[in-house]
Amino acid sequence: MDPASPLENAIVVAGLLTQAVGAGVLAVLLQRFHRQLGRGYLREWALAWVAISIAFAGGAWSVLVMSDLPAYHWSRLLTTAAFTIGSFWHAAWLLFGTVAIVRGRPVSRRGGHAILGALAGLGFAATLLW
(Lines give C-alpha, C1' and ligand atoms only; values in the text may rest on other atoms or scores of the structure.)
Protein backbone atom coordinates (compact mmCIF):
# COMPACT_ATOMS: atom_id res chain seq x y z
CA MET A 1 0.00 0.00 0.00
CA ASP A 2 1.37 3.39 -0.95
CA PRO A 3 1.84 5.87 1.87
CA ALA A 4 -0.60 8.74 1.77
CA SER A 5 0.64 12.05 0.44
CA PRO A 6 0.99 15.03 2.78
CA LEU A 7 -1.99 16.65 1.07
CA GLU A 8 -4.18 13.59 1.65
CA ASN A 9 -3.10 13.49 5.31
CA ALA A 10 -3.87 17.21 5.69
CA ILE A 11 -7.36 16.67 4.26
CA VAL A 12 -8.02 13.78 6.64
CA VAL A 13 -6.74 15.78 9.64
CA ALA A 14 -8.85 18.80 8.65
CA GLY A 15 -11.92 16.57 8.32
CA LEU A 16 -11.37 14.91 11.69
CA LEU A 17 -10.79 18.25 13.43
CA THR A 18 -13.91 19.69 11.82
CA GLN A 19 -15.92 16.74 13.10
CA ALA A 20 -14.36 17.17 16.56
CA VAL A 21 -15.39 20.82 16.68
CA GLY A 22 -18.89 20.01 15.41
CA ALA A 23 -19.31 17.30 18.02
CA GLY A 24 -18.08 19.69 20.70
CA VAL A 25 -20.64 22.31 19.67
CA LEU A 26 -23.40 19.70 19.77
CA ALA A 27 -22.24 18.62 23.24
CA VAL A 28 -22.46 22.22 24.49
CA LEU A 29 -25.96 22.62 23.04
CA LEU A 30 -27.19 19.38 24.59
CA GLN A 31 -25.71 20.36 27.96
CA ARG A 32 -27.50 23.72 27.78
CA PHE A 33 -30.78 21.97 26.97
CA HIS A 34 -30.14 19.66 29.93
CA ARG A 35 -29.74 22.67 32.23
CA GLN A 36 -32.91 24.30 30.92
CA LEU A 37 -35.14 21.24 30.74
CA GLY A 38 -33.63 19.04 33.45
CA ARG A 39 -33.84 15.90 31.32
CA GLY A 40 -31.16 13.40 32.32
CA TYR A 41 -30.90 11.83 28.89
CA LEU A 42 -29.69 15.14 27.45
CA ARG A 43 -26.69 15.01 29.80
CA GLU A 44 -25.93 11.46 28.67
CA TRP A 45 -26.11 12.51 25.04
CA ALA A 46 -23.88 15.53 25.71
CA LEU A 47 -21.29 13.19 27.21
CA ALA A 48 -21.58 10.98 24.13
CA TRP A 49 -20.70 13.90 21.89
CA VAL A 50 -17.80 14.93 24.14
CA ALA A 51 -16.48 11.37 23.85
CA ILE A 52 -16.67 11.32 20.06
CA SER A 53 -15.11 14.79 19.91
CA ILE A 54 -12.13 13.47 21.87
CA ALA A 55 -12.04 10.43 19.60
CA PHE A 56 -11.90 12.60 16.48
CA ALA A 57 -9.17 14.80 17.95
CA GLY A 58 -7.14 11.71 18.85
CA GLY A 59 -7.63 10.33 15.37
CA ALA A 60 -6.46 13.62 13.84
CA TRP A 61 -3.30 13.60 15.95
CA SER A 62 -2.58 9.99 15.05
CA VAL A 63 -2.89 10.73 11.32
CA LEU A 64 -0.81 13.88 11.70
CA VAL A 65 2.17 12.04 13.23
CA MET A 66 1.66 8.80 11.29
CA SER A 67 4.58 9.35 8.92
CA ASP A 68 6.95 10.59 11.66
CA LEU A 69 6.36 8.04 14.42
CA PRO A 70 6.22 4.25 14.33
CA ALA A 71 2.93 2.55 15.15
CA TYR A 72 4.28 1.32 18.50
CA HIS A 73 5.26 4.81 19.74
CA TRP A 74 3.49 5.70 22.99
CA SER A 75 1.95 8.85 21.51
CA ARG A 76 0.31 6.99 18.65
CA LEU A 77 -0.82 4.17 20.91
CA LEU A 78 -2.36 6.65 23.35
CA THR A 79 -4.19 8.60 20.65
CA THR A 80 -5.39 5.41 18.98
CA ALA A 81 -6.69 4.20 22.33
CA ALA A 82 -8.43 7.57 22.83
CA PHE A 83 -10.04 7.19 19.41
CA THR A 84 -11.19 3.64 20.10
CA ILE A 85 -12.40 4.23 23.65
CA GLY A 86 -14.07 7.52 22.70
CA SER A 87 -15.94 5.75 19.92
CA PHE A 88 -17.07 2.97 22.26
CA TRP A 89 -18.12 5.43 24.95
CA HIS A 90 -20.01 7.51 22.39
CA ALA A 91 -22.18 4.52 21.56
CA ALA A 92 -22.60 3.61 25.23
CA TRP A 93 -23.69 7.10 26.31
CA LEU A 94 -26.14 7.36 23.42
CA LEU A 95 -27.64 4.07 24.55
CA PHE A 96 -27.67 5.20 28.20
CA GLY A 97 -29.71 8.25 27.18
CA THR A 98 -32.07 6.14 25.10
CA VAL A 99 -32.54 3.67 27.96
CA ALA A 100 -33.34 6.61 30.26
CA ILE A 101 -36.11 7.72 27.91
CA VAL A 102 -37.56 4.25 27.44
CA ARG A 103 -37.43 3.17 31.10
CA GLY A 104 -38.15 6.57 32.59
CA ARG A 105 -35.05 6.39 34.78
CA PRO A 106 -31.33 6.50 34.04
CA VAL A 107 -28.93 3.58 33.95
CA SER A 108 -27.62 2.95 37.46
CA ARG A 109 -24.36 4.67 38.28
CA ARG A 110 -22.72 1.38 39.18
CA GLY A 111 -23.90 -0.30 35.98
CA GLY A 112 -22.86 2.64 33.83
CA HIS A 113 -19.39 2.74 35.37
CA ALA A 114 -19.01 -1.02 34.90
CA ILE A 115 -19.99 -0.78 31.23
CA LEU A 116 -17.69 2.18 30.58
CA GLY A 117 -14.82 0.43 32.38
CA ALA A 118 -15.33 -2.73 30.34
CA LEU A 119 -15.40 -0.70 27.13
CA ALA A 120 -12.21 1.12 28.12
CA GLY A 121 -10.49 -2.22 28.71
CA LEU A 122 -11.78 -3.50 25.38
CA GLY A 123 -10.55 -0.33 23.69
CA PHE A 124 -7.05 -0.68 25.14
CA ALA A 125 -6.93 -4.35 24.18
CA ALA A 126 -8.09 -3.60 20.64
CA THR A 127 -5.45 -0.88 20.33
CA LEU A 128 -2.66 -3.18 21.46
CA LEU A 129 -3.84 -6.04 19.25
CA TRP A 130 -4.10 -3.84 16.19
# chains A, B, ... in the order shown; residues from 1 in each chain; ligands from 1
>>> select_by_dssp(residues="chain A", states="helix (DSSP H, G or I)", output="PyMOL selection string")
chain A and resi 6-37+40-64+74-103+109-129
>>> residues_around(residues="A:His90", least_positions_apart="2", cutoff="7 Å", atoms="only C-alpha atoms", output="PyMOL selection string")
chain A and resi 48-49+51-52+86-88+92-94
>>> closest_residue(among="A:Val107, A:Val50, A:Leu116, A:Val12", to="A:Leu29", atoms="only C-alpha atoms")
A:Val50
>>> closest_residue(among="A:Gln31, A:Ser67, A:Gln36, A:Ser62", to="A:Ala4", atoms="only C-alpha atoms")
A:Ser67
>>> closest_atom_pairs(of="stretch 8-86 of chain A", to="stretch 101-104 of chain A", cutoff="12 Å", atoms="only C-alpha atoms", output="tab-separated table")
residue	atom	partner	partner_atom	distance
A:Arg39	CA	A:Ile101	CA	9.1
A:Gly40	CA	A:Ile101	CA	8.7
A:Tyr41	CA	A:Ile101	CA	6.7
A:Leu42	CA	A:Ile101	CA	9.8
A:Glu44	CA	A:Ile101	CA	10.9
A:Trp45	CA	A:Ile101	CA	11.4
>>> write_last_selection(atoms="N, CA and C atoms", output="PDB file, in the first residue's frame")
ATOM      1  N   ARG A  39     -33.700  17.285  31.792  1.00  0.00           N
ATOM      2  CA  ARG A  39     -33.841  15.901  31.324  1.00  0.00           C
ATOM      3  C   ARG A  39     -32.484  15.209  31.391  1.00  0.00           C
ATOM      4  N   GLY A  40     -32.416  14.109  32.127  1.00  0.00           N
ATOM      5  CA  GLY A  40     -31.155  13.405  32.317  1.00  0.00           C
ATOM      6  C   GLY A  40     -30.561  12.840  31.045  1.00  0.00           C
ATOM      7  N   TYR A  41     -31.422  12.421  30.126  1.00  0.00           N
ATOM      8  CA  TYR A  41     -30.902  11.827  28.892  1.00  0.00           C
ATOM      9  C   TYR A  41     -30.117  12.843  28.066  1.00  0.00           C
ATOM     10  N   LEU A  42     -30.436  14.122  28.192  1.00  0.00           N
ATOM     11  CA  LEU A  42     -29.687  15.138  27.452  1.00  0.00           C
ATOM     12  C   LEU A  42     -28.247  15.236  27.953  1.00  0.00           C
ATOM     13  N   GLU A  44     -26.585  12.664  29.199  1.00  0.00           N
ATOM     14  CA  GLU A  44     -25.932  11.465  28.668  1.00  0.00           C
ATOM     15  C   GLU A  44     -25.532  11.666  27.206  1.00  0.00           C
ATOM     16  N   TRP A  45     -26.420  12.279  26.444  1.00  0.00           N
ATOM     17  CA  TRP A  45     -26.111  12.510  25.036  1.00  0.00           C
ATOM     18  C   TRP A  45     -25.006  13.547  24.882  1.00  0.00           C
TER      19      TRP A  45
END
>>> atom_distance(atom1="atom CA of A:Val25", atom2="atom CA of A:Ala55")
14.7 Å
>>> closest_residue(among="A:Ala46, A:Ala20, A:Val65, A:Ala100", to="A:His34", atoms="only C-alpha atoms")
A:Ala46
>>> closest_residue(among="A:Asn9, A:Ile115, A:Ser108, A:Met66", to="A:Thr80", atoms="only C-alpha atoms")
A:Met66
>>> closest_residue(among="A:Ser53, A:Thr84, A:Ser5, A:Ser75", to="A:Gln19", atoms="only C-alpha atoms")
A:Ser53
>>> atom_distance(atom1="atom CA of A:Gly58", atom2="atom CA of A:Leu129")
18.1 Å
>>> atom_distance(atom1="atom CA of A:Arg76", atom2="atom CA of A:Gly22")
23.4 Å
